[in-house]
Each structure stands twice: as C-alpha cells, then as structure tokens.
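Structure, as structure tokens:
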Amino acid sequence: MKKIFALILVLALAIPATAADYPTKNVTGVVLWGAGGTTDSLIRPLSAVAEQYLGKSIIIQNMTGAAGSVATQYVYDAPADGYTLLMGAENPALYDVLGISDVTYEQFDCVYLIGDEAVGVIVGKNSPYKSFTEVINAAKEKPFTLKYSMTGKGGLPWVVGSFIMDVTGAQFNMIPYDSDSAAKNAVVNGECDFTACLLLQGIEEAKAGDVKFLSVLAKEPARALPEIPLITAEFPGFNKYLPWGAFYGVFAKKGTDPAIIATLADAFTKAGPDENYQKVLVNFDVNFMGLTGEKAAEYISSWRKNTVEALKSSGALDD
C-alpha cells in the first residue's frame, strides 16, 4: 500500500500545474535597475500589496547592467510561466533602435502599467535664461554653443534633447555624463547651460533655488510644481509627442497563459489604488494610470512610435 501511495504521489507531482492552479509557488520580480532607484522604489511597495491578492510572495531581485537589457534578457530566457516577471521602466522599448538588444517590450505582455513621470527642462540659478524660449533663441543665434548635459545615447536627457532639436530646430553642444544625477549637477554648478530631468530628480534643487524648471513636457501642470510652464505653451509642436515621460510597469514573457496574465493583472489592479501606494506615487510625482491589456499595449506602442519618430527626425539615430 505504501508503494502504491508513493507512486501516486510521484505521478501527481509530475503533472504540471495548470493556469487554474497558479500560483503554486512564489513569484520572482526582476527589477532592471538597482535597489533604491525610482523603479525599485515604485515596484517594491506595489508588489507588497499585490502579493496579498496573489496569495504568494513576490520576491524582488535587482539585476543591473547594459541599460537594463541584462535583466530583460534574463526574464526573456526564463520559462513563460508567470513565475519570473520583468519590472521595469521605459528603456526596453527602444533597445532595438538603439542597438542595445533585440529583446524589447515587443517580446512581453504588459501585466500592469503603473504610470508615467513628467520631465522638465532646467537651468542653473545663475543662468541668464528666464524661459525655455530664451534658451532656444540663444541656441539658434549661436548653434552648438550652448552646452546641454546628458547621459549618452539612449538616456532620458539624450532623448529629450533630440525632441527639442526636432521641434525647435535649435542645435546645441551635447555633453555626456555618467548618470542623470551628474548631468543635473553639471547644470547646478554651471558647467552646462541646461538639461532635462525628471521632476522628482530636480525638485529639491528647485525648492532650494539651485535650479529653475523652465518648462515641463506634459499636457497638464505637474502636481509637485504646478507653476512650471507647459512646453506646449511656447512650442505647440511638442503636442505630437505627448504624453511622454518615464513609465513604469510589470511585464510577463509572451507565451504566458492568458489566464495567468489575468490572475497577475487582477492582483496588481487591486493593489494599484491602495491608499498607501497612491501616496508613494504622489511622493514620486508619478501620474497613475493603472492600465492592463490592450490599453497598456497601446500606450507603450504610441510612446515608442513618438520617440522613434522624434529621434529619426532630429538625426539622433543616424550615427
């Protein structure tokens, strides 16, 4: 009898779990940036709430390298079973056009699109420029003279700089730095004339008077700094590329059972509106979207299309 019971147990364990059983074990969430960064800081509290609805723990693993492509490839190489999720920002949407990787968000389903974050243009406290228009006029008067700090090809300041050149026709000297923080500090200390950064990254310096936000790339005023002028008020041509900003979401490899995607989406959809998590989003000045399925896919597709068009038009993809 014991042998028969043991045989039955072995056979039962050999039968793969179905989507209806999911999840039968903890889920790994791979964050494509380091611990403590914006992506990580948004993902951890969301996952802590979502796992209460999922019924299993979501174990966060930070995996850095190659602009997030190491983590993206890792999740892509894992089985499409819902137990290894990619938790990232906008970067993988452009990997192919930037020559970073052939694996992009095209190879993933968006389980949950959390929201996006506004980007602004800043100058230092001693800058002679009082508006974004003044910066552009100066750049047009003396092309390639104004210094714009950025983080290299594919970085957020680089992309926004390409947008600016495309819409305004201005040309400036783009100076590379190792990080967004270093690029921002180059403006703070006067090494460069201006740059673009996430509002959250510059809000403390703005409050201290070390930088000034001349404009924000958005259709609506920023919640954190509503007094910043909308860039479309000075250059309506930016409308064709908006909404645009850093976005954050949870992704599963394509081929994952739709029922598993639905289970995950349900857990994160219930977690997103959580009162405490909404406070986290406000603190990071992230515009909450909470999108799943086709709506999430449409947003990412539109974001990619607008960004690639701007990069091509500005000549940023020619080299």
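Following the order of the structure tokens, first chain is A, next is B, and so on, with residues numbered from 1 inside each chain and ligands from 1 in the order they appear.
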task: Please provide as JSON, numbers by chain all residues within 6 Å of A:Phe247, with the sequence filter that same-chain residues fewer than 2 positions apart are discarded (counting only C-alpha atoms).
output: {"A": [89, 90, 115, 116]}
query: Any idea what's packed within 8 Å of A:Ser314, counting only C-alpha atoms, ignoring anything in its chain fewer than 6 positions away? Could you give it as a ChimeraX atom specification?
result: /A:162-163,165-166
query: Can you list, as a PyMOL selection string, every protein, DNA or RNA residue that comes within 10 Å of A:Tyr22 when you count only C-alpha atoms, leaving out same-chain residues fewer than 6 positions away?
result: chain A and resi 54-56+81-83+259-260+263-264
May I have the residues from that selection written out with C-alpha atoms, as a compact mmCIF listing (two decimals), in the first residue's frame?
```txt
# COMPACT_ATOMS: atom_id res chain seq x y z
CA LEU A 54 -1.97 36.83 -5.38
CA GLY A 55 -1.66 34.52 -2.38
CA LYS A 56 2.10 34.04 -2.81
CA ASP A 81 5.03 30.53 -16.82
CA GLY A 82 4.29 33.66 -14.82
CA TYR A 83 6.88 32.96 -12.14
CA ALA A 259 -5.28 33.03 -17.60
CA ILE A 260 -2.04 33.54 -15.68
CA THR A 263 -4.52 36.49 -12.46
CA LEU A 264 -1.45 38.70 -12.19
```
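Checking A:Lys305, A:Lys240, A:Lys212, A:Lys147 one by one against A:Glu227, counting only C-alpha atoms, you find the shortest gap at A:Lys212.
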